[in-house]
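Student: Data file run-v3.cif (mmCIF, N, CA and C atoms) is appended below.
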data_work
#
loop_
_atom_site.label_atom_id
_atom_site.label_comp_id
_atom_site.auth_asym_id
_atom_site.auth_seq_id
_atom_site.Cartn_x
_atom_site.Cartn_y
_atom_site.Cartn_z
N MET A 1 -12.84 10.87 -10.73
CA MET A 1 -11.81 10.29 -9.88
C MET A 1 -11.20 11.35 -8.98
N ALA A 2 -10.95 12.52 -9.53
CA ALA A 2 -10.33 13.57 -8.73
C ALA A 2 -11.20 13.91 -7.53
N ASP A 3 -12.54 13.96 -7.73
CA ASP A 3 -13.44 14.26 -6.62
C ASP A 3 -13.39 13.17 -5.57
N LYS A 4 -13.34 11.91 -5.99
CA LYS A 4 -13.25 10.79 -5.05
C LYS A 4 -11.94 10.85 -4.28
N GLY A 5 -10.86 11.16 -4.98
CA GLY A 5 -9.56 11.27 -4.32
C GLY A 5 -9.55 12.39 -3.30
N ALA A 6 -10.13 13.52 -3.64
CA ALA A 6 -10.19 14.65 -2.71
C ALA A 6 -11.05 14.30 -1.50
N ALA A 7 -12.15 13.61 -1.74
CA ALA A 7 -13.03 13.22 -0.63
C ALA A 7 -12.31 12.25 0.30
N ARG A 8 -11.55 11.33 -0.27
CA ARG A 8 -10.81 10.37 0.57
C ARG A 8 -9.74 11.09 1.36
N ARG A 9 -9.06 12.03 0.74
CA ARG A 9 -8.03 12.80 1.44
C ARG A 9 -8.64 13.58 2.60
N ALA A 10 -9.82 14.15 2.37
CA ALA A 10 -10.49 14.92 3.42
C ALA A 10 -10.94 14.00 4.56
N LYS A 11 -11.33 12.80 4.22
CA LYS A 11 -11.81 11.85 5.23
C LYS A 11 -10.67 11.26 6.06
N PHE A 12 -9.49 11.12 5.46
CA PHE A 12 -8.36 10.48 6.13
C PHE A 12 -7.11 11.35 6.08
N PRO A 13 -7.16 12.55 6.62
CA PRO A 13 -5.99 13.43 6.54
C PRO A 13 -4.76 12.83 7.24
N GLU A 14 -4.96 12.11 8.33
CA GLU A 14 -3.83 11.51 9.04
C GLU A 14 -3.12 10.48 8.15
N SER A 15 -3.91 9.69 7.44
CA SER A 15 -3.34 8.67 6.54
C SER A 15 -2.48 9.31 5.46
N TYR A 16 -3.01 10.36 4.85
CA TYR A 16 -2.26 11.01 3.77
C TYR A 16 -1.09 11.83 4.29
N ALA A 17 -1.17 12.30 5.54
CA ALA A 17 -0.03 12.99 6.14
C ALA A 17 1.14 12.02 6.30
N ILE A 18 0.84 10.75 6.47
CA ILE A 18 1.87 9.70 6.56
C ILE A 18 2.30 9.27 5.16
N PHE A 19 1.33 9.05 4.27
CA PHE A 19 1.59 8.47 2.96
C PHE A 19 2.26 9.45 1.99
N ASP A 20 1.85 10.71 2.00
CA ASP A 20 2.36 11.67 1.02
C ASP A 20 3.88 11.83 1.05
N PRO A 21 4.52 11.92 2.22
CA PRO A 21 5.99 12.00 2.21
C PRO A 21 6.64 10.72 1.66
N ILE A 22 6.01 9.59 1.88
CA ILE A 22 6.51 8.33 1.32
C ILE A 22 6.41 8.39 -0.20
N VAL A 23 5.27 8.86 -0.70
CA VAL A 23 5.08 9.01 -2.15
C VAL A 23 6.13 9.95 -2.72
N ALA A 24 6.36 11.08 -2.05
CA ALA A 24 7.33 12.05 -2.54
C ALA A 24 8.72 11.42 -2.66
N GLU A 25 9.08 10.60 -1.70
CA GLU A 25 10.39 9.94 -1.75
C GLU A 25 10.44 8.91 -2.87
N TRP A 26 9.44 8.06 -2.97
CA TRP A 26 9.48 6.94 -3.91
C TRP A 26 9.30 7.37 -5.36
N THR A 27 8.56 8.43 -5.62
CA THR A 27 8.34 8.83 -7.01
C THR A 27 9.57 9.50 -7.62
N THR A 28 10.62 9.71 -6.85
CA THR A 28 11.87 10.21 -7.42
C THR A 28 12.71 9.06 -7.98
N ARG A 29 12.30 7.85 -7.74
CA ARG A 29 13.07 6.67 -8.18
C ARG A 29 12.66 6.25 -9.59
N PRO A 30 13.59 5.66 -10.32
CA PRO A 30 13.26 5.19 -11.68
C PRO A 30 12.14 4.15 -11.64
N ASP A 31 11.26 4.23 -12.62
CA ASP A 31 10.16 3.27 -12.83
C ASP A 31 9.06 3.35 -11.79
N VAL A 32 9.11 4.28 -10.81
CA VAL A 32 8.07 4.39 -9.79
C VAL A 32 7.25 5.65 -10.07
N SER A 33 5.92 5.48 -10.02
CA SER A 33 5.03 6.62 -10.23
C SER A 33 3.78 6.43 -9.38
N LEU A 34 2.92 7.43 -9.42
CA LEU A 34 1.65 7.39 -8.71
C LEU A 34 0.57 7.05 -9.72
N GLY A 35 -0.21 6.01 -9.44
CA GLY A 35 -1.28 5.58 -10.33
C GLY A 35 -2.53 5.29 -9.53
N VAL A 36 -3.49 4.59 -10.15
CA VAL A 36 -4.77 4.32 -9.50
C VAL A 36 -4.93 2.82 -9.24
N MET A 37 -5.41 2.49 -8.03
CA MET A 37 -5.70 1.10 -7.65
C MET A 37 -6.93 1.11 -6.78
N PHE A 38 -7.94 0.35 -7.17
CA PHE A 38 -9.18 0.26 -6.40
C PHE A 38 -9.74 1.65 -6.09
N GLY A 39 -9.66 2.56 -7.05
CA GLY A 39 -10.18 3.91 -6.87
C GLY A 39 -9.34 4.79 -5.97
N SER A 40 -8.13 4.38 -5.66
CA SER A 40 -7.24 5.15 -4.79
C SER A 40 -5.92 5.40 -5.52
N GLU A 41 -5.25 6.48 -5.17
CA GLU A 41 -3.91 6.72 -5.70
C GLU A 41 -2.95 5.75 -5.03
N GLY A 42 -2.07 5.18 -5.82
CA GLY A 42 -1.12 4.25 -5.25
C GLY A 42 0.22 4.29 -5.95
N LEU A 43 1.23 3.88 -5.24
CA LEU A 43 2.57 3.78 -5.81
C LEU A 43 2.66 2.55 -6.69
N ASN A 44 3.25 2.70 -7.87
CA ASN A 44 3.44 1.55 -8.75
C ASN A 44 4.83 1.56 -9.34
N VAL A 45 5.26 0.37 -9.67
CA VAL A 45 6.54 0.21 -10.35
C VAL A 45 6.24 -0.43 -11.70
N ARG A 46 6.63 0.25 -12.77
CA ARG A 46 6.35 -0.20 -14.13
C ARG A 46 4.88 -0.60 -14.30
N GLY A 47 3.98 0.19 -13.72
CA GLY A 47 2.55 -0.02 -13.89
C GLY A 47 1.90 -0.97 -12.91
N LYS A 48 2.65 -1.60 -12.03
CA LYS A 48 2.08 -2.54 -11.05
C LYS A 48 2.08 -1.89 -9.67
N VAL A 49 0.89 -1.75 -9.09
CA VAL A 49 0.75 -1.08 -7.80
C VAL A 49 1.32 -1.93 -6.68
N PHE A 50 2.03 -1.27 -5.76
CA PHE A 50 2.59 -1.98 -4.62
C PHE A 50 2.18 -1.38 -3.28
N ALA A 51 1.61 -0.17 -3.24
CA ALA A 51 1.18 0.43 -1.97
C ALA A 51 0.16 1.53 -2.23
N PHE A 52 -0.89 1.59 -1.39
CA PHE A 52 -1.88 2.65 -1.50
C PHE A 52 -2.66 2.76 -0.19
N VAL A 53 -3.43 3.84 -0.05
CA VAL A 53 -4.28 4.05 1.12
C VAL A 53 -5.67 3.51 0.78
N THR A 54 -6.23 2.69 1.67
CA THR A 54 -7.51 2.04 1.44
C THR A 54 -8.70 2.97 1.73
N PHE A 55 -9.89 2.46 1.48
CA PHE A 55 -11.12 3.19 1.76
C PHE A 55 -11.34 3.39 3.26
N GLU A 56 -10.59 2.68 4.09
CA GLU A 56 -10.66 2.85 5.54
C GLU A 56 -9.49 3.67 6.07
N GLY A 57 -8.62 4.15 5.20
CA GLY A 57 -7.50 4.97 5.62
C GLY A 57 -6.27 4.20 6.05
N ALA A 58 -6.23 2.91 5.79
CA ALA A 58 -5.06 2.09 6.13
C ALA A 58 -4.12 2.02 4.93
N LEU A 59 -2.88 1.69 5.20
CA LEU A 59 -1.93 1.42 4.13
C LEU A 59 -2.12 -0.02 3.67
N MET A 60 -2.19 -0.24 2.36
CA MET A 60 -2.26 -1.60 1.82
C MET A 60 -1.03 -1.81 0.96
N VAL A 61 -0.34 -2.94 1.19
CA VAL A 61 0.88 -3.26 0.44
C VAL A 61 0.82 -4.67 -0.11
N LYS A 62 1.45 -4.85 -1.27
CA LYS A 62 1.51 -6.17 -1.91
C LYS A 62 2.80 -6.86 -1.49
N LEU A 63 2.65 -8.05 -0.92
CA LEU A 63 3.78 -8.84 -0.43
C LEU A 63 3.54 -10.31 -0.73
N PRO A 64 4.57 -11.13 -0.64
CA PRO A 64 4.34 -12.57 -0.81
C PRO A 64 3.37 -13.07 0.27
N GLU A 65 2.54 -14.02 -0.09
CA GLU A 65 1.54 -14.55 0.83
C GLU A 65 2.15 -14.99 2.16
N SER A 66 3.30 -15.63 2.12
CA SER A 66 3.95 -16.09 3.35
C SER A 66 4.34 -14.91 4.25
N ARG A 67 4.77 -13.81 3.64
CA ARG A 67 5.16 -12.64 4.42
C ARG A 67 3.95 -11.98 5.06
N VAL A 68 2.82 -11.96 4.35
CA VAL A 68 1.58 -11.42 4.92
C VAL A 68 1.24 -12.20 6.19
N GLY A 69 1.38 -13.52 6.14
CA GLY A 69 1.12 -14.36 7.31
C GLY A 69 2.07 -14.05 8.46
N GLU A 70 3.35 -13.86 8.14
CA GLU A 70 4.35 -13.53 9.17
C GLU A 70 4.01 -12.21 9.85
N LEU A 71 3.67 -11.20 9.06
CA LEU A 71 3.33 -9.90 9.62
C LEU A 71 2.09 -9.97 10.50
N ALA A 72 1.11 -10.74 10.05
CA ALA A 72 -0.12 -10.90 10.84
C ALA A 72 0.18 -11.61 12.15
N GLU A 73 0.96 -12.65 12.08
CA GLU A 73 1.32 -13.41 13.27
C GLU A 73 2.08 -12.54 14.27
N ALA A 74 2.92 -11.66 13.78
CA ALA A 74 3.71 -10.77 14.64
C ALA A 74 2.91 -9.55 15.11
N GLY A 75 1.70 -9.37 14.58
CA GLY A 75 0.87 -8.23 14.95
C GLY A 75 1.32 -6.92 14.31
N GLU A 76 2.11 -7.02 13.25
CA GLU A 76 2.63 -5.83 12.58
C GLU A 76 1.76 -5.33 11.44
N ALA A 77 0.88 -6.17 10.94
CA ALA A 77 -0.04 -5.82 9.86
C ALA A 77 -1.14 -6.88 9.87
N GLU A 78 -2.17 -6.64 9.08
CA GLU A 78 -3.29 -7.58 8.99
C GLU A 78 -3.46 -8.02 7.54
N PRO A 79 -3.89 -9.27 7.33
CA PRO A 79 -4.20 -9.66 5.96
C PRO A 79 -5.34 -8.78 5.43
N ALA A 80 -5.23 -8.37 4.19
CA ALA A 80 -6.24 -7.50 3.60
C ALA A 80 -7.48 -8.30 3.22
N VAL A 81 -8.64 -7.67 3.42
CA VAL A 81 -9.92 -8.23 3.02
C VAL A 81 -10.66 -7.13 2.27
N MET A 82 -11.09 -7.44 1.05
CA MET A 82 -11.85 -6.47 0.26
C MET A 82 -13.19 -7.08 -0.12
N ARG A 83 -14.23 -6.36 0.27
CA ARG A 83 -15.60 -6.82 -0.01
C ARG A 83 -15.82 -8.24 0.50
N GLY A 84 -15.28 -8.51 1.69
CA GLY A 84 -15.44 -9.82 2.32
C GLY A 84 -14.53 -10.90 1.78
N ARG A 85 -13.68 -10.57 0.84
CA ARG A 85 -12.80 -11.56 0.22
C ARG A 85 -11.36 -11.36 0.66
N PRO A 86 -10.73 -12.37 1.24
CA PRO A 86 -9.32 -12.24 1.63
C PRO A 86 -8.44 -12.07 0.39
N MET A 87 -7.49 -11.17 0.50
CA MET A 87 -6.54 -10.90 -0.58
C MET A 87 -5.21 -11.52 -0.16
N ARG A 88 -4.87 -12.66 -0.71
CA ARG A 88 -3.72 -13.46 -0.28
C ARG A 88 -2.41 -12.69 -0.20
N GLU A 89 -2.16 -11.83 -1.15
CA GLU A 89 -0.86 -11.17 -1.24
C GLU A 89 -0.91 -9.69 -0.87
N TRP A 90 -1.88 -9.31 -0.06
CA TRP A 90 -2.00 -7.92 0.36
C TRP A 90 -2.14 -7.85 1.87
N ALA A 91 -1.43 -6.90 2.48
CA ALA A 91 -1.51 -6.67 3.92
C ALA A 91 -1.89 -5.22 4.16
N THR A 92 -2.52 -4.97 5.31
CA THR A 92 -2.87 -3.60 5.67
C THR A 92 -2.26 -3.24 7.02
N ALA A 93 -1.96 -1.96 7.16
CA ALA A 93 -1.46 -1.42 8.42
C ALA A 93 -2.19 -0.11 8.67
N ARG A 94 -2.79 0.01 9.85
CA ARG A 94 -3.53 1.22 10.20
C ARG A 94 -2.55 2.35 10.58
N THR A 95 -3.12 3.52 10.76
CA THR A 95 -2.29 4.68 11.08
C THR A 95 -1.62 4.55 12.45
N ASP A 96 -2.15 3.71 13.33
CA ASP A 96 -1.48 3.53 14.63
C ASP A 96 -0.18 2.75 14.48
N ALA A 97 0.09 2.24 13.27
CA ALA A 97 1.36 1.58 12.96
C ALA A 97 2.14 2.41 11.94
N ALA A 98 1.96 3.71 11.98
CA ALA A 98 2.59 4.61 11.00
C ALA A 98 4.10 4.46 10.93
N ASP A 99 4.72 4.12 12.04
CA ASP A 99 6.17 3.95 12.03
C ASP A 99 6.60 2.78 11.16
N ARG A 100 5.69 1.85 10.87
CA ARG A 100 5.98 0.69 10.03
C ARG A 100 5.74 0.98 8.54
N TRP A 101 4.99 2.03 8.22
CA TRP A 101 4.62 2.28 6.83
C TRP A 101 5.81 2.38 5.89
N PRO A 102 6.85 3.16 6.19
CA PRO A 102 7.98 3.25 5.24
C PRO A 102 8.64 1.89 4.97
N ALA A 103 8.82 1.08 6.00
CA ALA A 103 9.45 -0.23 5.81
C ALA A 103 8.55 -1.17 5.01
N LEU A 104 7.24 -1.10 5.26
CA LEU A 104 6.30 -1.95 4.52
C LEU A 104 6.28 -1.55 3.04
N VAL A 105 6.31 -0.26 2.78
CA VAL A 105 6.33 0.22 1.38
C VAL A 105 7.61 -0.25 0.71
N ALA A 106 8.73 -0.15 1.39
CA ALA A 106 10.01 -0.59 0.82
C ALA A 106 9.98 -2.09 0.52
N GLU A 107 9.42 -2.84 1.44
CA GLU A 107 9.33 -4.29 1.25
C GLU A 107 8.40 -4.63 0.08
N ALA A 108 7.30 -3.89 -0.01
CA ALA A 108 6.35 -4.12 -1.11
C ALA A 108 7.00 -3.76 -2.45
N PHE A 109 7.72 -2.65 -2.48
CA PHE A 109 8.42 -2.28 -3.72
C PHE A 109 9.37 -3.39 -4.15
N ALA A 110 10.18 -3.86 -3.23
CA ALA A 110 11.17 -4.90 -3.56
C ALA A 110 10.48 -6.13 -4.13
N HIS A 111 9.37 -6.51 -3.53
CA HIS A 111 8.62 -7.69 -4.00
C HIS A 111 8.06 -7.45 -5.40
N VAL A 112 7.36 -6.36 -5.59
CA VAL A 112 6.72 -6.10 -6.90
C VAL A 112 7.76 -5.82 -7.96
N ASP A 113 8.82 -5.13 -7.62
CA ASP A 113 9.90 -4.87 -8.58
C ASP A 113 10.48 -6.18 -9.08
N GLU A 114 10.65 -7.13 -8.18
CA GLU A 114 11.23 -8.43 -8.53
C GLU A 114 10.33 -9.25 -9.45
N ILE A 115 9.01 -9.14 -9.27
CA ILE A 115 8.10 -9.99 -10.06
C ILE A 115 7.52 -9.28 -11.29
N THR A 116 7.87 -8.01 -11.47
CA THR A 116 7.33 -7.24 -12.61
C THR A 116 8.40 -7.08 -13.69
N PRO A 117 8.08 -7.54 -14.90
CA PRO A 117 9.05 -7.38 -15.99
C PRO A 117 9.27 -5.93 -16.37
#
What do you get writing this file as structure tokens?
Tutor:
Amino acid sequence: MADKGAARRAKFPESYAIFDPIVAEWTTRPDVSLGVMFGSEGLNVRGKVFAFVTFEGALMVKLPESRVGELAEAGEAEPAVMRGRPMREWATARTDAADRWPALVAEAFAHVDEITP
């Protein structure tokens, strides 16, 4: 896993330059840590992942399905698709929307925190 993580970091340095400061901020909070999701390091709250960098270098966040639709409609994020399968409660934002990443992570945390015991 460490080798895969290093390879992904090398492939997407811009993505991790955006994501790492977000991780540093969020992992100081209670119940938030860095874990693994789909072979990538991701932020989780009480073991449930809410944000990570994808295999394409985009930010992926877990949100309510209706919110994913709103973000897509507004052009602020895209519904996530993994291996050709739409992921109802996941949205992605590319690095060209880096200014949105902190707010999307915060929104994802609030959602997952609320639904995770």
Student: So which residues touch Val53 in chain A within 7 Å, counting all atoms listed in the file, skipping near sequence neighbours fewer than 3 positions away, as a list of chain:residue names?
Tutor: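 Skipping anything fewer than 3 positions along the chain leaves A:Ser40, A:Glu41, A:Gly42, A:Leu43, A:Glu56, A:Gly57, A:Ala58, A:Leu59, A:Met60.
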Student: Range 14-25 of chain A, all listed atoms, 4 Å padding on each side: what axis-aligned box centre and edge lengths in Å to one decimal come out, as JSON?
Tutor:
{"center_x": 2.7, "center_y": 10.7, "center_z": 3.1, "size_x": 23.4, "size_y": 12.7, "size_z": 19.9}
Student: Please return, as a list in words, all residues of range 44-109 of chain A that DSSP assigns to strand (DSSP E) on the basis of the backbone.
Tutor: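 Put together, the selection reads Asn44, Val45, Lys48, Val49, Phe50, Ala51, Phe52, Val53, Leu59, Met60, Val61, Lys62, Glu78, Pro79, Ala80, Val81, Met82, Arg85, Pro86, Met87, Arg88, Glu89, Trp90, Ala91, Thr92 and Ala93 of chain A.
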Student: Contacts of range 87-98 of chain A at 7 Å or less, counting only C-alpha atoms, minus same-chain residues fewer than 6 places along, as a VMD selection string?
Tutor: chain A and resid 15 18 58 to 65 68 77 to 81
Student: From the options A:Gly39, A:Ala6, A:Val45, A:Arg83, which residue's atoms come nearest to Phe109 in chain A, counting all atoms listed in the file?
Tutor: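 Comparing A:Gly39, A:Ala6, A:Val45, A:Arg83 against Phe109 in chain A, the winner is A:Val45.
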Student: Go through A:Val23, A:Ala17, A:Val32, A:Ala51 one by one, measure the shortest atom-to-atom distance of each to Ala108 in chain A using all atoms listed in the file, and give the residue with the smallest value.
Tutor: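 Using all atoms listed in the file, Ala108 in chain A sits closest to A:Ala51.
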Student: Hey, can you check how far CA of Tyr16 in chain A sits from CA of Ser66 in chain A?
Tutor: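 Straight-line distance from CA of Tyr16 in chain A to CA of Ser66 in chain A works out to 27.8 Å.
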Student: Identify all residues of range 28-80 of chain A in alpha helix (DSSP H) (DSSP on the backbone) and supply them as a PyMOL selection string.
Tutor: chain A and resi 65-74
Student: May I ask for the distance between atom N of Pro117 in chain A and atom C of Leu34 in chain A, given in Å to one decimal place?
Tutor: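 Between atom N of Pro117 in chain A and atom C of Leu34 in chain A the gap works out to 17.2 Å.
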Student: Which value, in Å to one decimal, gives the distance between CA of Glu114 in chain A and atom C of Trp101 in chain A?
Tutor: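 Interatomic distance, CA of Glu114 in chain A to atom C of Trp101 in chain A: 18.8 Å.
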Student: Of the residues A:Glu76, A:Ser33, A:Arg8, A:Glu25, which is the one nearest to Leu104 in chain A, using only C-alpha atoms?
Tutor: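 Result for the nearest residue to Leu104 in chain A: A:Glu76.
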Student: Select all residues near (8.9, 3.1, -13.0) (cut-off 8 Å, inclusive, file coordinates), counting all atoms listed in the file, and output them as a PyMOL selection string.
Tutor: chain A and resi 29-33+44-48
Student: Would you list the residues near (7.6, 3.2, -0.2), meaning any protein, DNA or RNA residue with an atom at most 6 Å from that point in file coordinates, counting all atoms listed in the file, as a list in words?
Tutor: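 Residues found, by chain and rising number: Ile22, Trp26, Pro102, Leu104, Val105 and Ala106 of chain A.
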Student: Quick one: range 63-89 of chain A with N, CA, C and O atoms, as a PDB file, in the frame of the given file?
Tutor:
ATOM      1  N   LEU A  63       2.650  -8.050  -0.920  1.00  0.00           N
ATOM      2  CA  LEU A  63       3.780  -8.840  -0.430  1.00  0.00           C
ATOM      3  C   LEU A  63       3.540 -10.310  -0.730  1.00  0.00           C
ATOM      4  O   LEU A  63       2.406 -10.708  -0.992  1.00  0.00           O
ATOM      5  N   PRO A  64       4.570 -11.130  -0.640  1.00  0.00           N
ATOM      6  CA  PRO A  64       4.340 -12.570  -0.810  1.00  0.00           C
ATOM      7  C   PRO A  64       3.370 -13.070   0.270  1.00  0.00           C
ATOM      8  O   PRO A  64       3.367 -12.567   1.401  1.00  0.00           O
ATOM      9  N   GLU A  65       2.540 -14.020  -0.090  1.00  0.00           N
ATOM     10  CA  GLU A  65       1.540 -14.550   0.830  1.00  0.00           C
ATOM     11  C   GLU A  65       2.150 -14.990   2.160  1.00  0.00           C
ATOM     12  O   GLU A  65       1.594 -14.718   3.232  1.00  0.00           O
ATOM     13  N   SER A  66       3.300 -15.630   2.120  1.00  0.00           N
ATOM     14  CA  SER A  66       3.950 -16.090   3.350  1.00  0.00           C
ATOM     15  C   SER A  66       4.340 -14.910   4.250  1.00  0.00           C
ATOM     16  O   SER A  66       4.228 -14.979   5.472  1.00  0.00           O
ATOM     17  N   ARG A  67       4.770 -13.810   3.640  1.00  0.00           N
ATOM     18  CA  ARG A  67       5.160 -12.640   4.420  1.00  0.00           C
ATOM     19  C   ARG A  67       3.950 -11.980   5.060  1.00  0.00           C
ATOM     20  O   ARG A  67       4.010 -11.491   6.190  1.00  0.00           O
ATOM     21  N   VAL A  68       2.820 -11.960   4.350  1.00  0.00           N
ATOM     22  CA  VAL A  68       1.580 -11.420   4.920  1.00  0.00           C
ATOM     23  C   VAL A  68       1.240 -12.200   6.190  1.00  0.00           C
ATOM     24  O   VAL A  68       0.909 -11.616   7.225  1.00  0.00           O
ATOM     25  N   GLY A  69       1.380 -13.520   6.140  1.00  0.00           N
ATOM     26  CA  GLY A  69       1.120 -14.360   7.310  1.00  0.00           C
ATOM     27  C   GLY A  69       2.070 -14.050   8.460  1.00  0.00           C
ATOM     28  O   GLY A  69       1.656 -13.985   9.619  1.00  0.00           O
ATOM     29  N   GLU A  70       3.350 -13.860   8.140  1.00  0.00           N
ATOM     30  CA  GLU A  70       4.350 -13.530   9.170  1.00  0.00           C
ATOM     31  C   GLU A  70       4.010 -12.210   9.850  1.00  0.00           C
ATOM     32  O   GLU A  70       4.087 -12.096  11.077  1.00  0.00           O
ATOM     33  N   LEU A  71       3.670 -11.200   9.060  1.00  0.00           N
ATOM     34  CA  LEU A  71       3.330  -9.900   9.620  1.00  0.00           C
ATOM     35  C   LEU A  71       2.090  -9.970  10.500  1.00  0.00           C
ATOM     36  O   LEU A  71       2.036  -9.352  11.565  1.00  0.00           O
ATOM     37  N   ALA A  72       1.110 -10.740  10.050  1.00  0.00           N
ATOM     38  CA  ALA A  72      -0.120 -10.900  10.840  1.00  0.00           C
ATOM     39  C   ALA A  72       0.180 -11.610  12.150  1.00  0.00           C
ATOM     40  O   ALA A  72      -0.295 -11.194  13.220  1.00  0.00           O
ATOM     41  N   GLU A  73       0.960 -12.650  12.080  1.00  0.00           N
ATOM     42  CA  GLU A  73       1.320 -13.410  13.270  1.00  0.00           C
ATOM     43  C   GLU A  73       2.080 -12.540  14.270  1.00  0.00           C
ATOM     44  O   GLU A  73       1.889 -12.659  15.486  1.00  0.00           O
ATOM     45  N   ALA A  74       2.920 -11.660  13.780  1.00  0.00           N
ATOM     46  CA  ALA A  74       3.710 -10.770  14.640  1.00  0.00           C
ATOM     47  C   ALA A  74       2.910  -9.550  15.110  1.00  0.00           C
ATOM     48  O   ALA A  74       3.383  -8.758  15.912  1.00  0.00           O
ATOM     49  N   GLY A  75       1.700  -9.370  14.580  1.00  0.00           N
ATOM     50  CA  GLY A  75       0.870  -8.230  14.950  1.00  0.00           C
ATOM     51  C   GLY A  75       1.320  -6.920  14.310  1.00  0.00           C
ATOM     52  O   GLY A  75       0.953  -5.851  14.765  1.00  0.00           O
ATOM     53  N   GLU A  76       2.110  -7.020  13.250  1.00  0.00           N
ATOM     54  CA  GLU A  76       2.630  -5.830  12.580  1.00  0.00           C
ATOM     55  C   GLU A  76       1.760  -5.330  11.440  1.00  0.00           C
ATOM     56  O   GLU A  76       1.898  -4.197  10.995  1.00  0.00           O
ATOM     57  N   ALA A  77       0.880  -6.170  10.940  1.00  0.00           N
ATOM     58  CA  ALA A  77      -0.040  -5.820   9.860  1.00  0.00           C
ATOM     59  C   ALA A  77      -1.140  -6.880   9.870  1.00  0.00           C
ATOM     60  O   ALA A  77      -1.034  -7.885  10.569  1.00  0.00           O
ATOM     61  N   GLU A  78      -2.170  -6.640   9.080  1.00  0.00           N
ATOM     62  CA  GLU A  78      -3.290  -7.580   8.990  1.00  0.00           C
ATOM     63  C   GLU A  78      -3.460  -8.020   7.540  1.00  0.00           C
ATOM     64  O   GLU A  78      -3.219  -7.231   6.629  1.00  0.00           O
ATOM     65  N   PRO A  79      -3.890  -9.270   7.330  1.00  0.00           N
ATOM     66  CA  PRO A  79      -4.200  -9.660   5.960  1.00  0.00           C
ATOM     67  C   PRO A  79      -5.340  -8.780   5.430  1.00  0.00           C
ATOM     68  O   PRO A  79      -6.271  -8.464   6.163  1.00  0.00           O
ATOM     69  N   ALA A  80      -5.230  -8.370   4.190  1.00  0.00           N
ATOM     70  CA  ALA A  80      -6.240  -7.500   3.600  1.00  0.00           C
ATOM     71  C   ALA A  80      -7.480  -8.300   3.220  1.00  0.00           C
ATOM     72  O   ALA A  80      -7.390  -9.427   2.753  1.00  0.00           O
ATOM     73  N   VAL A  81      -8.640  -7.670   3.420  1.00  0.00           N
ATOM     74  CA  VAL A  81      -9.920  -8.230   3.020  1.00  0.00           C
ATOM     75  C   VAL A  81     -10.660  -7.130   2.270  1.00  0.00           C
ATOM     76  O   VAL A  81     -10.792  -6.015   2.772  1.00  0.00           O
ATOM     77  N   MET A  82     -11.090  -7.440   1.050  1.00  0.00           N
ATOM     78  CA  MET A  82     -11.850  -6.470   0.260  1.00  0.00           C
ATOM     79  C   MET A  82     -13.190  -7.080  -0.120  1.00  0.00           C
ATOM     80  O   MET A  82     -13.236  -8.162  -0.694  1.00  0.00           O
ATOM     81  N   ARG A  83     -14.230  -6.360   0.270  1.00  0.00           N
ATOM     82  CA  ARG A  83     -15.600  -6.820  -0.010  1.00  0.00           C
ATOM     83  C   ARG A  83     -15.820  -8.240   0.500  1.00  0.00           C
ATOM     84  O   ARG A  83     -16.411  -9.072  -0.179  1.00  0.00           O
ATOM     85  N   GLY A  84     -15.280  -8.510   1.690  1.00  0.00           N
ATOM     86  CA  GLY A  84     -15.440  -9.820   2.320  1.00  0.00           C
ATOM     87  C   GLY A  84     -14.530 -10.900   1.780  1.00  0.00           C
ATOM     88  O   GLY A  84     -14.592 -12.040   2.228  1.00  0.00           O
ATOM     89  N   ARG A  85     -13.680 -10.570   0.840  1.00  0.00           N
ATOM     90  CA  ARG A  85     -12.800 -11.560   0.220  1.00  0.00           C
ATOM     91  C   ARG A  85     -11.360 -11.360   0.660  1.00  0.00           C
ATOM     92  O   ARG A  85     -10.795 -10.265   0.480  1.00  0.00           O
ATOM     93  N   PRO A  86     -10.730 -12.370   1.240  1.00  0.00           N
ATOM     94  CA  PRO A  86      -9.320 -12.240   1.630  1.00  0.00           C
ATOM     95  C   PRO A  86      -8.440 -12.070   0.390  1.00  0.00           C
ATOM     96  O   PRO A  86      -8.636 -12.718  -0.622  1.00  0.00           O
ATOM     97  N   MET A  87      -7.490 -11.170   0.500  1.00  0.00           N
ATOM     98  CA  MET A  87      -6.540 -10.900  -0.580  1.00  0.00           C
ATOM     99  C   MET A  87      -5.210 -11.520  -0.160  1.00  0.00           C
ATOM    100  O   MET A  87      -4.509 -10.965   0.685  1.00  0.00           O
ATOM    101  N   ARG A  88      -4.870 -12.660  -0.710  1.00  0.00           N
ATOM    102  CA  ARG A  88      -3.720 -13.460  -0.280  1.00  0.00           C
ATOM    103  C   ARG A  88      -2.410 -12.690  -0.200  1.00  0.00           C
ATOM    104  O   ARG A  88      -1.616 -12.906   0.699  1.00  0.00           O
ATOM    105  N   GLU A  89      -2.160 -11.830  -1.150  1.00  0.00           N
ATOM    106  CA  GLU A  89      -0.860 -11.170  -1.240  1.00  0.00           C
ATOM    107  C   GLU A  89      -0.910  -9.690  -0.870  1.00  0.00           C
ATOM    108  O   GLU A  89      -0.049  -8.918  -1.282  1.00  0.00           O
TER     109      GLU A  89
END
